[in-house]
Amino acid sequence: MTSDPLEEFSDDDLGYVPKEGGIAARAGLTTEAPYLASLNPEQRAAVESLDGPVLVLAGAGTGKTRVLTTRLAHLLNTGRAWPGQILAVTFTNKAAREMKDRIGTLIGGIVEGMQWLGTFHSIGVKILRRHAELVGLKSDFSILDTDDQIRLLKQIIQAHEIDEKRWPARQLASHIDGWKNRGLTPDKVPAGEAHAYADGKGALFYGEYQERLKVLNAADFGDLLLECLRLFLENPDVLEIYRKKFKYMLVDEYQDTNVAQYLWLRLLAGGHKNICCVGDDDQSIYGWRGAEVDNILRFEKDFEGAKVIRLERNYRSTPHILAAASGLIANNQGRLGKTLHTDREDGEPLLVRRHWDDDEEARAIGEDLEQAQRRQENLDEIAILVRASFQMRSMEDRFITLGLPYRVIGGPRFYERAEIRDALAYLKVTAQPDNDLAFERIINVPKRGLGDVTVRKARAIASANGCSLYRASRMIVETDELSAKPRGAMRKVVEEFSRWRSLIDAMPHTELAEMILDESGYTEMWQNDKSPQAPGRLENLKELVRSMEEFENLAGFLEHIALVMDVERAETDQKVNLMTLHSAKGLEFDTVFLPGWEEGLFPHQRSLDENGRAGLEEERRLAYVGITRAKRKAVLSFAQNRRVHNLWQNALPSRFLDELPEANVEVAESPSSYGGGFGWGAGSGGGGGGRSGLGESRFENFEPFNNTYSTPGWQRAKERHSSGQAMRSSPSLIEGELVTTAEPSAERFVEGEIVNHEKFGPGVVTHVEGNKLTIEFENAGRKRVLDSFVTRG
DNA sequence: CTGGAGGATCTTTTT
DNA sequence: GATCCTCCAG
């Protein structure tokens, strides 16, 4: 079969224009493709508007992925473009894979030709490797992960003798990431911002870091885009190649693009302007890592003559769920505005539950899950979505006790585990001897007597000779620079690596990997380790070798894992899903549990403190994402007491709960609510319900717990809450509300005051920070608590 | 150079 | 509570 047009198409046929009718015509299909018939009018418009800039505003559950894939199929089917002429970018590997799969089922094997369907990063790498020399790299440059990045920055910080305690490398890394996200090279960093780190050394270090990367022939994640952008800007001829090549562009989750990505897209779309962006401003939840909601809000201005298509018909959720989510998100100001509607008529209101503490919350959810299990419901269709990962622990504890099958999605990434990184470092050094960071990582793992001193000597030789650490190590063993013991150890390491390298082409890469791990003593190190995690780590190492089987060779495997930080595990058993709200985006479940709707946790205090109103709105979008994951049922809950860092904090119902339309919400006391043995102890002072302040949460005082809310601490907390609510109308004051808001002086505690805490007993206030008190308790030691938990005397 | 003890910091989310 | 880091004694 030489008639397959794809076989004749080479990626370098840039000027090639497919003949009229394209693949479909050749294959003898009719003009009215069957896949169009099943679309609703808006979806169809989104699929068929092929020319010029198009923004598809796709609300939650409106068939976004379907539109994207059908549009791709349509482009191919109508002969507008060959697979290799379409650029389709996503944010996650998962999304890219899913799109590939779905196109595959739609139009068969053509997917193979879609070489430019992938994440921003993977496409960036592909382009960079081809033109690496133009940005000061070699085409086999290595890709640093966050960990490598931090270690490299630490070296730079140390070289400048900066106190790393005061200026953590992490912080510098996040500044640099931020700059890269905004498309700023070191020379472009605004002077004011350079001062954010180490009294103005930020930009300087950024520059040095970039230089080091070039010497190491490496790029970090941010570079994959930024350097690509620089490549295009400095080499118009290169840009022109890609402008011609990509006749059509497709962008998924456009609301998540950062400035660098936006600039990159705009450059590429500059010629033909056939760019279609799909997204939902209401689901923009990645502002903290540089995403600019503004990109989507500004689309019509940026791309002249843009067509905007709204997908508002929801195929996922019940009317109650949709109405609740819509009511909530309507509180946001910066949005394009959409009204989701559905034809469904069934459904029950959202359930809001109050719990005493996080354990009770977990217990209640556990009971619901057991019931669902008894009713033979599909556990895969149930999810618990939490704001912060620490919330997962009480859930997991409970599920383990109950023997409920569950899976954690997103959790600690496989490739980020220490043992996996070590093993990978061995493989990397074998394949790429000049990978200094990898070599440094394992030069003394397992312990072989090559400590700091030895490594420093080797590094000195390396920089004196302008060569890599590995080469320097080879040189150093020929000299008397090292004393006998380290020299012998070093010689052994270096020789082993060169032996392993010589075997790369001689044996299957999986076997080689096993051999390296065994002969280096790495496996043995964990076998001798008595910690309870050790067997799991050995298991992970086996899993790693197993996962290598899918790849042709070592180099292919290493390239893959640099970009795909997660491993897909085939799961067949039915399990309840546990994950963060962020990783739930794009998924849907029959029933969704949303625990932890408390002020400070959700919305997260940090979001409010650091980003004020914008932070609050992003949190609200996160809430919107959470609710709209549910097809049939959503159960929201909040706990009045939550353990954070092992000390108890009292909490108030999230303002988001109050923003849900009453008609769509049903309030329930926790089914297993008996308050436990904690008790509020003191205070019976009656009549607490007298306040009818506008700001009071309607979830604070429902029966039958009313009487417990009259303690002085609770009263204070309520007042604070209402002052917080008052601030909602004057958004500029959002920052620092609740926890740091000053109360009327009469209520404040001062240092040295003797106080009593319901749980910890008597103690002395040693420090006051807003309403956070540090108290030296007679029996419980030093704790940080909120003032509403203690009484005078 | 190693290992253990003690201390600080932290828990938003990802390529 | 956990992990990561630093410091100090062998």
# chains A, B, ... in the order shown; residues from 1 in each chain; ligands from 1
$ residues_around --residues "DT9 (chain B)" --least-positions-apart "3" --cutoff "12 Å" --atoms "only C-alpha atoms (C1' of nucleotides)" --output "JSON, numbers by chain"
{"A": [165, 168, 645], "C": [2, 3, 4, 5]}
$ interface_residues --of "chain B" --to "chain A" --cutoff "7 Å" --atoms "only C-alpha atoms (C1' of nucleotides)" --output "list of chain:residue names"
B:DC1, B:DT11, B:DT12, B:DT13, B:DT15
$ residues_around --residues "DA9 (chain C)" --least-positions-apart "3" --cutoff "12 Å" --atoms "only C-alpha atoms (C1' of nucleotides)" --output "CSV table (one decimal) with N, CA, C and O atoms (P, O5', C5', C4', C3', O3' and C1' of nucleotides), in the first residue's frame"
chain,number,residue,atom,x,y,z
B,2,DT,P,31.5,9.6,53.3
B,2,DT,O5',30.9,9.2,54.8
B,2,DT,C5',31.5,8.0,55.4
B,2,DT,C4',30.8,7.8,56.7
B,2,DT,C3',29.3,7.8,56.7
B,2,DT,O3',28.9,6.6,57.4
B,2,DT,C1',30.1,9.4,58.3
B,3,DG,P,27.4,6.2,57.2
B,3,DG,O5',26.8,6.6,58.6
B,3,DG,C5',27.4,6.1,59.8
B,3,DG,C4',26.8,6.9,61.0
B,3,DG,C3',25.2,7.0,60.9
B,3,DG,O3',24.7,6.4,62.1
B,3,DG,C1',26.3,9.1,61.3
B,4,DG,P,23.1,6.3,62.3
B,4,DG,O5',22.9,7.3,63.5
B,4,DG,C5',23.8,7.3,64.6
B,4,DG,C4',23.6,8.6,65.4
B,4,DG,C3',22.1,8.9,65.6
B,4,DG,O3',22.0,9.3,67.0
B,4,DG,C1',23.2,10.8,64.6
B,5,DA,P,20.6,9.4,67.6
B,5,DA,O5',20.6,11.0,68.0
B,5,DA,C5',21.8,11.5,68.7
B,5,DA,C4',21.7,13.0,68.8
B,5,DA,C3',20.3,13.5,69.1
B,5,DA,O3',20.4,14.5,70.1
B,5,DA,C1',21.0,14.4,67.0
$ atom_distance --atom1 "CA of Ile384 (chain A)" --atom2 "CA of Val592 (chain A)"
5.8 Å
$ select_by_dssp --residues "region 48-149 of chain A" --states "alpha helix (DSSP H)" --output "PyMOL selection string"
chain A and resi 48+64-77+93-107+120-130+146-149
$ write_last_selection --atoms "N, CA and C atoms" --output "compact mmCIF listing (two decimals), in the first residue's frame"
# COMPACT_ATOMS: atom_id res chain seq x y z
N GLU A 48 -16.36 24.38 12.33
CA GLU A 48 -16.31 24.76 10.92
C GLU A 48 -15.70 26.13 10.63
N LYS A 64 -15.94 20.46 25.20
CA LYS A 64 -14.76 21.15 24.69
C LYS A 64 -13.81 20.21 23.92
N THR A 65 -13.48 19.12 24.57
CA THR A 65 -12.54 18.20 23.93
C THR A 65 -13.09 17.67 22.63
N ARG A 66 -14.38 17.47 22.64
CA ARG A 66 -15.04 16.97 21.45
C ARG A 66 -14.88 17.95 20.30
N VAL A 67 -15.09 19.23 20.62
CA VAL A 67 -14.95 20.26 19.60
C VAL A 67 -13.52 20.30 19.08
N LEU A 68 -12.58 20.27 20.01
CA LEU A 68 -11.17 20.32 19.61
C LEU A 68 -10.81 19.19 18.66
N THR A 69 -11.18 17.99 19.05
CA THR A 69 -10.76 16.86 18.24
C THR A 69 -11.53 16.82 16.92
N THR A 70 -12.79 17.19 16.97
CA THR A 70 -13.55 17.18 15.73
C THR A 70 -13.01 18.23 14.76
N ARG A 71 -12.62 19.35 15.33
CA ARG A 71 -12.07 20.40 14.49
C ARG A 71 -10.80 19.92 13.79
N LEU A 72 -9.97 19.24 14.55
CA LEU A 72 -8.76 18.69 13.96
C LEU A 72 -9.10 17.72 12.84
N ALA A 73 -10.04 16.85 13.15
CA ALA A 73 -10.44 15.87 12.15
C ALA A 73 -10.98 16.57 10.91
N HIS A 74 -11.71 17.63 11.15
CA HIS A 74 -12.32 18.36 10.05
C HIS A 74 -11.26 19.01 9.17
N LEU A 75 -10.26 19.58 9.79
CA LEU A 75 -9.15 20.19 9.04
C LEU A 75 -8.51 19.17 8.11
N LEU A 76 -8.30 17.99 8.65
CA LEU A 76 -7.66 16.95 7.87
C LEU A 76 -8.60 16.43 6.79
N ASN A 77 -9.82 16.25 7.18
CA ASN A 77 -10.80 15.65 6.30
C ASN A 77 -11.13 16.53 5.10
N ASN A 93 0.56 16.48 29.49
CA ASN A 93 0.76 15.32 28.64
C ASN A 93 -0.51 14.51 28.53
N LYS A 94 -1.23 14.51 29.64
CA LYS A 94 -2.48 13.74 29.66
C LYS A 94 -3.44 14.27 28.60
N ALA A 95 -3.58 15.59 28.55
CA ALA A 95 -4.48 16.19 27.57
C ALA A 95 -4.02 15.88 26.15
N ALA A 96 -2.71 15.92 25.94
CA ALA A 96 -2.18 15.64 24.60
C ALA A 96 -2.47 14.20 24.21
N ARG A 97 -2.26 13.32 25.16
CA ARG A 97 -2.48 11.90 24.89
C ARG A 97 -3.94 11.64 24.58
N GLU A 98 -4.79 12.28 25.39
CA GLU A 98 -6.22 12.09 25.20
C GLU A 98 -6.65 12.56 23.82
N MET A 99 -6.11 13.71 23.43
CA MET A 99 -6.49 14.23 22.13
C MET A 99 -6.05 13.29 21.02
N LYS A 100 -4.83 12.77 21.17
CA LYS A 100 -4.33 11.82 20.18
C LYS A 100 -5.24 10.60 20.09
N ASP A 101 -5.61 10.09 21.26
CA ASP A 101 -6.47 8.91 21.28
C ASP A 101 -7.78 9.17 20.57
N ARG A 102 -8.37 10.33 20.89
CA ARG A 102 -9.70 10.59 20.34
C ARG A 102 -9.67 10.86 18.86
N ILE A 103 -8.62 11.52 18.40
CA ILE A 103 -8.50 11.71 16.96
C ILE A 103 -8.31 10.36 16.29
N GLY A 104 -7.55 9.53 16.98
CA GLY A 104 -7.31 8.19 16.47
C GLY A 104 -8.61 7.45 16.21
N THR A 105 -9.53 7.51 17.17
CA THR A 105 -10.79 6.80 16.98
C THR A 105 -11.65 7.49 15.92
N LEU A 106 -11.45 8.79 15.77
CA LEU A 106 -12.25 9.54 14.80
C LEU A 106 -11.82 9.27 13.36
N ILE A 107 -10.52 9.30 13.14
CA ILE A 107 -10.09 9.19 11.76
C ILE A 107 -8.97 8.19 11.52
N PHE A 120 3.13 22.47 25.28
CA PHE A 120 3.99 23.61 24.95
C PHE A 120 5.46 23.21 25.08
N HIS A 121 5.74 22.51 26.17
CA HIS A 121 7.14 22.18 26.45
C HIS A 121 7.70 21.18 25.46
N SER A 122 6.93 20.16 25.15
CA SER A 122 7.50 19.15 24.26
C SER A 122 7.69 19.72 22.85
N ILE A 123 6.81 20.61 22.45
CA ILE A 123 6.97 21.22 21.13
C ILE A 123 8.15 22.20 21.14
N GLY A 124 8.27 22.91 22.26
CA GLY A 124 9.42 23.80 22.41
C GLY A 124 10.73 23.03 22.28
N VAL A 125 10.82 21.89 22.94
CA VAL A 125 12.04 21.09 22.88
C VAL A 125 12.33 20.67 21.45
N LYS A 126 11.29 20.25 20.78
CA LYS A 126 11.47 19.75 19.42
C LYS A 126 12.06 20.82 18.52
N ILE A 127 11.52 22.01 18.66
CA ILE A 127 12.03 23.11 17.84
C ILE A 127 13.44 23.49 18.27
N LEU A 128 13.66 23.56 19.56
CA LEU A 128 14.98 23.96 20.06
C LEU A 128 16.08 23.00 19.64
N ARG A 129 15.78 21.72 19.67
CA ARG A 129 16.81 20.76 19.32
C ARG A 129 17.26 20.96 17.87
N ARG A 130 16.36 21.38 17.04
CA ARG A 130 16.72 21.57 15.64
C ARG A 130 17.59 22.79 15.41
N THR A 146 13.09 20.59 38.39
CA THR A 146 13.11 21.59 39.46
C THR A 146 14.22 21.34 40.46
N ASP A 147 14.45 20.07 40.71
CA ASP A 147 15.44 19.70 41.71
C ASP A 147 16.85 20.11 41.27
N ASP A 148 17.17 19.79 40.02
CA ASP A 148 18.47 20.18 39.48
C ASP A 148 18.63 21.69 39.52
N GLN A 149 17.55 22.35 39.18
CA GLN A 149 17.52 23.80 39.12
C GLN A 149 17.92 24.38 40.49
$ residues_around --residues "Ile321 (chain A)" --least-positions-apart "5" --cutoff "9 Å" --atoms "only C-alpha atoms (C1' of nucleotides)" --output "VMD selection string"
chain A and resid 326 347 to 350 627 to 628 630 to 634 664
$ write_last_selection --atoms "N, CA and C atoms" --output "JSON list (two decimals), in the first residue's frame"
[["chain", "number", "residue", "atom", "x", "y", "z"],
["A", 326, "SER", "N", -22.96, 28.61, 38.85],
["A", 326, "SER", "CA", -23.11, 29.89, 38.16],
["A", 326, "SER", "C", -23.30, 31.03, 39.15],
["A", 347, "GLY", "N", -32.49, 15.87, 39.42],
["A", 347, "GLY", "CA", -31.40, 16.30, 40.28],
["A", 347, "GLY", "C", -31.81, 16.84, 41.62],
["A", 348, "GLU", "N", -30.85, 16.80, 42.53],
["A", 348, "GLU", "CA", -31.10, 17.28, 43.88],
["A", 348, "GLU", "C", -30.15, 18.44, 44.18],
["A", 349, "PRO", "N", -30.52, 19.26, 45.17],
["A", 349, "PRO", "CA", -29.67, 20.40, 45.51],
["A", 349, "PRO", "C", -28.31, 19.96, 46.03],
["A", 350, "LEU", "N", -27.38, 20.87, 46.07],
["A", 350, "LEU", "CA", -26.10, 20.58, 46.69],
["A", 350, "LEU", "C", -26.33, 20.39, 48.18],
["A", 627, "ILE", "N", -17.19, 22.37, 41.86],
["A", 627, "ILE", "CA", -18.62, 22.05, 41.79],
["A", 627, "ILE", "C", -18.99, 21.48, 40.42],
["A", 628, "THR", "N", -18.44, 22.06, 39.39],
["A", 628, "THR", "CA", -18.83, 21.63, 38.05],
["A", 628, "THR", "C", -18.24, 20.27, 37.65],
["A", 630, "ALA", "N", -19.10, 17.71, 39.19],
["A", 630, "ALA", "CA", -20.14, 16.76, 39.58],
["A", 630, "ALA", "C", -21.21, 16.64, 38.50],
["A", 631, "LYS", "N", -21.55, 15.42, 38.18],
["A", 631, "LYS", "CA", -22.62, 15.20, 37.22],
["A", 631, "LYS", "C", -23.96, 15.19, 37.93],
["A", 632, "ARG", "N", -24.04, 14.50, 39.06],
["A", 632, "ARG", "CA", -25.33, 14.30, 39.69],
["A", 632, "ARG", "C", -25.40, 14.86, 41.10],
["A", 633, "LYS", "N", -24.33, 14.70, 41.85],
["A", 633, "LYS", "CA", -24.42, 15.04, 43.26],
["A", 633, "LYS", "C", -23.14, 15.69, 43.76],
["A", 634, "ALA", "N", -23.32, 16.75, 44.55],
["A", 634, "ALA", "CA", -22.16, 17.40, 45.16],
["A", 634, "ALA", "C", -22.41, 17.57, 46.65],
["A", 664, "ASN", "N", -30.51, 26.34, 45.66],
["A", 664, "ASN", "CA", -29.82, 25.17, 45.13],
["A", 664, "ASN", "C", -29.04, 24.41, 46.19]]
$ atom_distance --atom1 "CA of Ala37 (chain A)" --atom2 "CA of Val625 (chain A)"
29.5 Å
$ select_by_dssp --residues "region 226-365 of chain A" --states "strand (DSSP E)" --output "PDB file with N, CA and C atoms, in the first residue's frame"
ATOM      1  N   TYR A 248      -2.337  25.785  10.430  1.00  0.00           N
ATOM      2  CA  TYR A 248      -3.435  25.921  11.398  1.00  0.00           C
ATOM      3  C   TYR A 248      -2.913  25.657  12.805  1.00  0.00           C
ATOM      4  N   MET A 249      -3.398  26.472  13.731  1.00  0.00           N
ATOM      5  CA  MET A 249      -2.967  26.300  15.116  1.00  0.00           C
ATOM      6  C   MET A 249      -4.179  26.119  16.030  1.00  0.00           C
ATOM      7  N   LEU A 250      -3.955  25.285  17.016  1.00  0.00           N
ATOM      8  CA  LEU A 250      -5.036  24.956  17.936  1.00  0.00           C
ATOM      9  C   LEU A 250      -4.465  24.996  19.351  1.00  0.00           C
ATOM     10  N   VAL A 251      -5.111  25.722  20.230  1.00  0.00           N
ATOM     11  CA  VAL A 251      -4.597  25.837  21.593  1.00  0.00           C
ATOM     12  C   VAL A 251      -5.666  25.427  22.595  1.00  0.00           C
ATOM     13  N   ILE A 275      -5.581  30.768  13.985  1.00  0.00           N
ATOM     14  CA  ILE A 275      -5.362  30.251  15.326  1.00  0.00           C
ATOM     15  C   ILE A 275      -6.703  30.108  16.045  1.00  0.00           C
ATOM     16  N   CYS A 276      -6.872  28.932  16.619  1.00  0.00           N
ATOM     17  CA  CYS A 276      -8.113  28.685  17.346  1.00  0.00           C
ATOM     18  C   CYS A 276      -7.767  28.366  18.786  1.00  0.00           C
ATOM     19  N   CYS A 277      -8.230  29.211  19.681  1.00  0.00           N
ATOM     20  CA  CYS A 277      -7.955  28.992  21.095  1.00  0.00           C
ATOM     21  C   CYS A 277      -9.229  28.568  21.796  1.00  0.00           C
ATOM     22  N   VAL A 278      -9.093  27.546  22.602  1.00  0.00           N
ATOM     23  CA  VAL A 278     -10.244  27.061  23.338  1.00  0.00           C
ATOM     24  C   VAL A 278      -9.964  27.212  24.818  1.00  0.00           C
ATOM     25  N   GLY A 279     -10.906  27.723  25.541  1.00  0.00           N
ATOM     26  CA  GLY A 279     -10.661  27.883  26.965  1.00  0.00           C
ATOM     27  C   GLY A 279     -11.893  28.368  27.693  1.00  0.00           C
ATOM     28  N   LYS A 307     -13.261  35.731  15.883  1.00  0.00           N
ATOM     29  CA  LYS A 307     -14.623  35.275  16.047  1.00  0.00           C
ATOM     30  C   LYS A 307     -14.708  34.610  17.419  1.00  0.00           C
ATOM     31  N   VAL A 308     -15.707  34.989  18.184  1.00  0.00           N
ATOM     32  CA  VAL A 308     -15.847  34.388  19.505  1.00  0.00           C
ATOM     33  C   VAL A 308     -17.091  33.508  19.534  1.00  0.00           C
ATOM     34  N   ILE A 309     -16.882  32.269  19.889  1.00  0.00           N
ATOM     35  CA  ILE A 309     -18.013  31.334  19.944  1.00  0.00           C
ATOM     36  C   ILE A 309     -18.161  30.831  21.369  1.00  0.00           C
ATOM     37  N   ARG A 310     -19.364  30.939  21.891  1.00  0.00           N
ATOM     38  CA  ARG A 310     -19.599  30.483  23.261  1.00  0.00           C
ATOM     39  C   ARG A 310     -20.299  29.128  23.254  1.00  0.00           C
ATOM     40  N   LEU A 311     -19.732  28.214  23.983  1.00  0.00           N
ATOM     41  CA  LEU A 311     -20.411  26.936  24.194  1.00  0.00           C
ATOM     42  C   LEU A 311     -21.024  26.978  25.580  1.00  0.00           C
ATOM     43  N   LEU A 350     -27.382  20.865  46.069  1.00  0.00           N
ATOM     44  CA  LEU A 350     -26.097  20.582  46.692  1.00  0.00           C
ATOM     45  C   LEU A 350     -26.327  20.388  48.184  1.00  0.00           C
ATOM     46  N   LEU A 351     -25.534  19.530  48.761  1.00  0.00           N
ATOM     47  CA  LEU A 351     -25.654  19.306  50.186  1.00  0.00           C
ATOM     48  C   LEU A 351     -24.490  20.001  50.879  1.00  0.00           C
ATOM     49  N   VAL A 352     -24.808  20.802  51.901  1.00  0.00           N
ATOM     50  CA  VAL A 352     -23.730  21.413  52.684  1.00  0.00           C
ATOM     51  C   VAL A 352     -23.782  20.861  54.093  1.00  0.00           C
ATOM     52  N   ARG A 353     -22.658  20.359  54.559  1.00  0.00           N
ATOM     53  CA  ARG A 353     -22.628  19.750  55.887  1.00  0.00           C
ATOM     54  C   ARG A 353     -21.609  20.432  56.784  1.00  0.00           C
ATOM     55  N   ARG A 354     -21.999  20.522  58.051  1.00  0.00           N
ATOM     56  CA  ARG A 354     -21.064  21.071  59.024  1.00  0.00           C
ATOM     57  C   ARG A 354     -20.531  19.953  59.888  1.00  0.00           C
ATOM     58  N   HIS A 355     -19.228  20.009  60.162  1.00  0.00           N
ATOM     59  CA  HIS A 355     -18.645  18.983  61.024  1.00  0.00           C
ATOM     60  C   HIS A 355     -17.882  19.615  62.167  1.00  0.00           C
ATOM     61  N   TRP A 356     -17.710  18.822  63.200  1.00  0.00           N
ATOM     62  CA  TRP A 356     -16.976  19.322  64.343  1.00  0.00           C
ATOM     63  C   TRP A 356     -15.503  19.543  63.985  1.00  0.00           C
ATOM     64  N   ASP A 357     -14.893  18.521  63.423  1.00  0.00           N
ATOM     65  CA  ASP A 357     -13.484  18.667  63.039  1.00  0.00           C
ATOM     66  C   ASP A 357     -13.199  17.851  61.781  1.00  0.00           C
TER      67      ASP A 357
END
$ atom_distance --atom1 "CA of Gln261 (chain A)" --atom2 "CA of Glu227 (chain A)"
11.4 Å
$ closest_residue --among "A:Lys492, A:Lys575, A:Arg459, A:Arg393" --to "chain C" --atoms "only C-alpha atoms (C1' of nucleotides)"
A:Arg393
$ residues_around --residues "Ser637 (chain A)" --least-positions-apart "6" --cutoff "12 Å" --atoms "only C-alpha atoms (C1' of nucleotides)" --output "JSON, numbers by chain"
{"A": [350, 351, 352, 353, 354, 355, 356, 357, 358, 360, 361, 362, 364, 365, 384, 385, 386, 592, 593, 594, 595, 596, 597, 598, 602, 652, 653, 654, 656, 657, 665, 666, 667, 668, 669, 670, 671, 699]}
$ decode --residues "chain B" --atoms "N, CA and C atoms (P, O5', C5', C4', C3', O3' and C1' of nucleotides)" --output "CSV table (one decimal), in the first residue's frame"
chain,number,residue,atom,x,y,z
B,1,DC,P,36.0,14.1,52.2
B,1,DC,O5',35.7,13.0,53.3
B,1,DC,C5',36.0,11.7,53.0
B,1,DC,C4',35.1,10.8,53.9
B,1,DC,C3',33.6,11.0,53.6
B,1,DC,O3',33.0,9.8,53.6
B,1,DC,C1',34.1,11.3,55.9
B,2,DT,P,31.5,9.6,53.3
B,2,DT,O5',30.9,9.2,54.8
B,2,DT,C5',31.5,8.0,55.4
B,2,DT,C4',30.8,7.8,56.7
B,2,DT,C3',29.3,7.8,56.7
B,2,DT,O3',28.9,6.6,57.4
B,2,DT,C1',30.1,9.4,58.3
B,3,DG,P,27.4,6.2,57.2
B,3,DG,O5',26.8,6.6,58.6
B,3,DG,C5',27.4,6.1,59.8
B,3,DG,C4',26.8,6.9,61.0
B,3,DG,C3',25.2,7.0,60.9
B,3,DG,O3',24.7,6.4,62.1
B,3,DG,C1',26.3,9.1,61.3
B,4,DG,P,23.1,6.3,62.3
B,4,DG,O5',22.9,7.3,63.5
B,4,DG,C5',23.8,7.3,64.6
B,4,DG,C4',23.6,8.6,65.4
B,4,DG,C3',22.1,8.9,65.6
B,4,DG,O3',22.0,9.3,67.0
B,4,DG,C1',23.2,10.8,64.6
B,5,DA,P,20.6,9.4,67.6
B,5,DA,O5',20.6,11.0,68.0
B,5,DA,C5',21.8,11.5,68.7
B,5,DA,C4',21.7,13.0,68.8
B,5,DA,C3',20.3,13.5,69.1
B,5,DA,O3',20.4,14.5,70.1
B,5,DA,C1',21.0,14.4,67.0
B,6,DG,P,19.2,15.0,70.9
B,6,DG,O5',18.9,16.4,70.2
B,6,DG,C5',19.9,17.4,70.2
B,6,DG,C4',19.6,18.4,69.1
B,6,DG,C3',18.2,19.1,69.3
B,6,DG,O3',18.4,20.5,69.4
B,6,DG,C1',18.6,18.4,67.0
B,7,DG,P,17.2,21.4,69.7
B,7,DG,O5',17.0,22.0,68.2
B,7,DG,C5',18.2,22.7,67.6
B,7,DG,C4',17.8,23.2,66.3
B,7,DG,C3',16.4,24.0,66.3
B,7,DG,O3',16.6,25.2,65.6
B,7,DG,C1',16.5,22.3,64.6
B,8,DA,P,15.5,26.3,65.8
B,8,DA,O5',15.1,26.4,64.2
B,8,DA,C5',16.1,26.6,63.2
B,8,DA,C4',15.5,26.4,61.9
B,8,DA,C3',14.2,27.1,61.7
B,8,DA,O3',14.2,27.8,60.4
B,8,DA,C1',13.9,24.8,61.2
B,9,DT,P,13.2,28.9,60.0
B,9,DT,O5',12.3,28.1,59.0
B,9,DT,C5',12.9,27.3,58.0
B,9,DT,C4',11.9,26.5,57.3
B,9,DT,C3',10.5,27.2,57.2
B,9,DT,O3',10.2,27.2,55.8
B,9,DT,C1',10.3,24.9,58.0
B,10,DC,P,9.0,28.1,55.3
B,10,DC,O5',8.0,27.0,54.7
B,10,DC,C5',8.6,25.9,54.1
B,10,DC,C4',7.8,24.7,54.3
B,10,DC,C3',6.3,24.8,54.1
B,10,DC,O3',6.0,23.9,53.1
B,10,DC,C1',6.6,23.7,56.1
B,11,DT,P,6.1,23.8,51.7
B,11,DT,O5',4.7,24.4,51.2
B,11,DT,C5',3.8,24.7,52.1
B,11,DT,C4',2.7,23.6,52.0
B,11,DT,C3',1.4,24.0,52.7
B,11,DT,O3',0.5,24.7,51.8
B,11,DT,C1',2.0,21.8,53.4
B,12,DT,P,1.2,25.8,50.9
B,12,DT,O5',0.7,25.1,49.6
B,12,DT,C5',-0.6,24.5,49.9
B,12,DT,C4',-1.1,23.8,48.7
B,12,DT,C3',0.0,23.4,47.7
B,12,DT,O3',-0.2,22.0,47.5
B,12,DT,C1',-1.5,25.1,46.7
B,13,DT,P,0.2,21.0,46.6
B,13,DT,O5',-1.0,21.2,45.5
B,13,DT,C5',-0.9,20.6,44.3
B,13,DT,C4',-1.5,21.6,43.3
B,13,DT,C3',-0.7,21.7,42.0
B,13,DT,O3',-1.2,20.7,41.1
B,13,DT,C1',-1.4,23.8,42.7
B,14,DT,P,-0.4,19.5,40.6
B,14,DT,O5',0.3,20.2,39.3
B,14,DT,C5',-0.4,20.7,38.3
B,14,DT,C4',0.6,21.0,37.1
B,14,DT,C3',1.4,19.8,36.8
B,14,DT,O3',1.6,19.7,35.4
B,14,DT,C1',2.8,21.5,37.4
B,15,DT,P,2.1,18.3,34.7
B,15,DT,O5',3.1,18.9,33.6
B,15,DT,C5',2.6,19.6,32.5
B,15,DT,C4',3.8,20.3,31.8
B,15,DT,C3',4.9,19.3,31.5
B,15,DT,O3',5.2,19.5,30.1
B,15,DT,C1',5.7,21.2,32.7
